[in-house]
Every structure is written in structure tokens, then in C-alpha cells.
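For reference, model.pdb (PDB, C-alpha atoms):
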ATOM      1  CA  MET A   1       5.819 -22.529  28.369
ATOM      2  CA  LEU A   2       7.572 -25.327  30.223
ATOM      3  CA  SER A   3       5.894 -28.721  30.391
ATOM      4  CA  ASP A   4       4.909 -30.332  33.692
ATOM      5  CA  GLU A   5       7.733 -32.845  33.210
ATOM      6  CA  GLU A   6      10.299 -30.055  32.820
ATOM      7  CA  ILE A   7       8.993 -28.246  35.915
ATOM      8  CA  LEU A   8       9.097 -31.442  38.012
ATOM      9  CA  PHE A   9      12.634 -32.179  36.766
ATOM     10  CA  MET A  10      13.817 -28.694  37.757
ATOM     11  CA  TYR A  11      11.954 -28.264  41.068
ATOM     12  CA  GLY A  12      11.445 -31.841  42.259
ATOM     13  CA  LYS A  13       8.714 -34.428  41.972
ATOM     14  CA  ASP A  14       6.878 -32.992  45.013
ATOM     15  CA  ALA A  15       6.343 -29.599  43.378
ATOM     16  CA  VAL A  16       2.719 -28.664  42.741
ATOM     17  CA  ILE A  17       1.996 -26.893  39.460
ATOM     18  CA  SER A  18      -0.822 -24.552  38.508
ATOM     19  CA  ARG A  19      -1.216 -22.165  35.625
ATOM     20  CA  LYS A  20      -2.825 -18.771  35.187
ATOM     21  CA  GLY A  21      -2.714 -17.145  31.790
ATOM     22  CA  ARG A  22       0.819 -17.372  30.478
ATOM     23  CA  PHE A  23       2.267 -17.938  33.969
ATOM     24  CA  THR A  24       3.292 -21.249  35.492
ATOM     25  CA  LEU A  25       2.963 -21.192  39.274
ATOM     26  CA  VAL A  26       5.215 -23.671  41.073
ATOM     27  CA  HIS A  27       4.303 -24.374  44.691
ATOM     28  CA  LEU A  28       7.199 -25.961  46.605
ATOM     29  CA  ASP A  29       5.473 -25.895  49.994
ATOM     30  CA  ARG A  30       2.805 -28.493  49.054
ATOM     31  CA  PRO A  31      -0.183 -26.225  49.750
ATOM     32  CA  SER A  32      -3.659 -27.477  50.557
ATOM     33  CA  ALA A  33      -6.150 -27.630  47.701
ATOM     34  CA  GLU A  34      -7.820 -24.490  49.071
ATOM     35  CA  LEU A  35      -4.563 -22.499  49.282
ATOM     36  CA  LEU A  36      -3.607 -23.666  45.788
ATOM     37  CA  ARG A  37      -6.974 -22.485  44.462
ATOM     38  CA  VAL A  38      -6.665 -19.114  46.197
ATOM     39  CA  ARG A  39      -3.104 -18.505  45.007
ATOM     40  CA  THR A  40      -4.008 -19.396  41.438
ATOM     41  CA  GLU A  41      -7.287 -17.478  41.268
ATOM     42  CA  HIS A  42      -5.864 -14.355  42.903
ATOM     43  CA  PHE A  43      -2.537 -14.292  41.056
ATOM     44  CA  ASP A  44      -2.299 -10.939  39.284
ATOM     45  CA  PRO A  45       1.003 -10.270  37.518
ATOM     46  CA  GLU A  46       0.499  -6.513  37.720
ATOM     47  CA  GLU A  47       0.161  -6.759  41.498
ATOM     48  CA  PHE A  48       2.790  -9.483  41.978
ATOM     49  CA  PHE A  49       5.505  -7.699  39.993
ATOM     50  CA  ARG A  50       5.055  -4.264  41.561
ATOM     51  CA  CYS A  51       8.667  -3.194  41.599
ATOM     52  CA  ASP A  52      10.662  -2.637  38.455
ATOM     53  CA  CYS A  53      13.784  -4.453  39.626
ATOM     54  CA  ARG A  54      15.744  -6.681  37.277
ATOM     55  CA  ILE A  55      14.700  -9.890  39.086
ATOM     56  CA  CYS A  56      10.997  -9.067  38.701
ATOM     57  CA  GLN A  57      11.508  -8.135  35.064
ATOM     58  CA  LEU A  58      13.243 -11.449  34.303
ATOM     59  CA  THR A  59      10.695 -13.497  36.237
ATOM     60  CA  LYS A  60       7.794 -11.770  34.519
ATOM     61  CA  VAL A  61       9.284 -12.423  31.089
ATOM     62  CA  GLY A  62      10.183 -16.018  32.010
ATOM     63  CA  GLY A  63       6.668 -16.775  33.216
ATOM     64  CA  VAL A  64       7.580 -19.088  36.109
ATOM     65  CA  VAL A  65       6.633 -17.958  39.626
ATOM     66  CA  ILE A  66       7.765 -19.898  42.697
ATOM     67  CA  PHE A  67       5.786 -20.070  45.925
ATOM     68  CA  ASP A  68       7.397 -21.543  49.034
ATOM     69  CA  ASP A  69       6.088 -20.667  52.473
ATOM     70  CA  SER A  70       7.838 -23.643  54.084
ATOM     71  CA  VAL A  71       9.260 -23.186  57.537
ATOM     72  CA  TYR A  72      12.822 -24.412  57.904
ATOM     73  CA  GLU A  73      14.727 -25.182  61.048
ATOM     74  CA  ASP A  74      18.458 -24.452  61.109
ATOM     75  CA  GLU A  75      19.165 -28.204  60.802
ATOM     76  CA  ASP A  76      17.108 -28.398  57.611
ATOM     77  CA  ILE A  77      19.481 -26.153  55.686
ATOM     78  CA  LEU A  78      22.671 -27.945  54.812
ATOM     79  CA  ILE A  79      25.605 -25.866  53.690
ATOM     80  CA  GLU A  80      28.572 -27.737  52.303
TER      81      GLU A  80
END

Give the structure from this file in C-alpha cells form.
Amino acid sequence: MLSDEEILFMYGKDAVISRKGRFTLVHLDRPSAELLRVRTEHFDPEEFFRCDCRICQLTKVGGVVIFDDSVYEDEDILIE
């Protein structure tokens, strides 16, 4: 399992981290304390990884799940 320091290095110092079982939940959208609690308490890997696609398989094995419900304007996305 990755340490908090490793998660913050990879996803930025503003990432919010919670854990459920063997899963590390990384919240990039800076959720409220209530939303963070709900996401963590209700996280069920069997429900979350419903499909059997390769991405879900790798994410499930890796144990890191990213949440980001941020709303972006076109100007916020910079493509170089």
C-alpha cells in the first residue's frame, strides 16, 4: 500500500486520502467532510468494479481508486 507521502507526490498536495480495507481512495475534487465520509463508508469494490475490463482489473489489483467530480471549463484544460 502506498504511503500518504507517495500519494501526495503523485496526485498533488491538495489530494485528499481515505482508506477502506486494502484500497486507497484518492479524492482530487476536495470533497466536503460529509461527501468524503459517504464515499469511504459506501465504497464496495464488488460494486465499483462491476465490469471485467482490463482497466478495472488493473485498478482493483493496484488498490488505488481516484475520485474527481470537478467541473472544468474549457479554459481550465491546457493542451500543449

Notebook entry, point to check: When distances are computed from only C-alpha atoms, which of A:Val65, A:Val26, A:Ser32, A:Leu8 shows the smallest separation from Asp44 (chain A)?
Noted result: A:Val65

Next item on the list: Using only C-alpha atoms, pick whichever of A:Leu2, A:Ala15, A:Cys53, A:Met10 has the shortest atom-to-atom distance to Asp29 (chain A).
Entry: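 With only C-alpha atoms as the atom set, the closest residue is A:Ala15.
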
Margin query: Using the chain letters and numbers from this file, what does the PyMOL selection byres ((chain A and resi 14) around 10) select? Give the answer as a list of chain:residue names.
Written below: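 Applying the PyMOL selection byres ((chain A and resi 14) around 10) to the structure shown produces A:Leu8, A:Tyr11, A:Gly12, A:Lys13, A:Ala15, A:Val16, A:Ile17, A:His27, A:Leu28, A:Asp29, A:Arg30.
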
Next item on the list: Tell me which residues the PyMOL selection byres ((chain A and resi 37) around 12) grabs here, as an NGL selection string.
Entry: :A and (16-20 or 25 or 27 or 31-36 or 38-43)

Checklist line | Computed interatomic separation between CA of Glu6 (chain A) and CA of Phe67 (chain A) (Å) | finding: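 One can read the CA of Glu6 (chain A) to CA of Phe67 (chain A) distance as 17.1 Å.
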
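Going from CA of Thr59 (chain A) to CA of Thr24 (chain A) covers 10.7 Å.
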
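Taking CA of Met1 (chain A) as the reference point, CA of Gly62 (chain A) is found at 8.6 Å.
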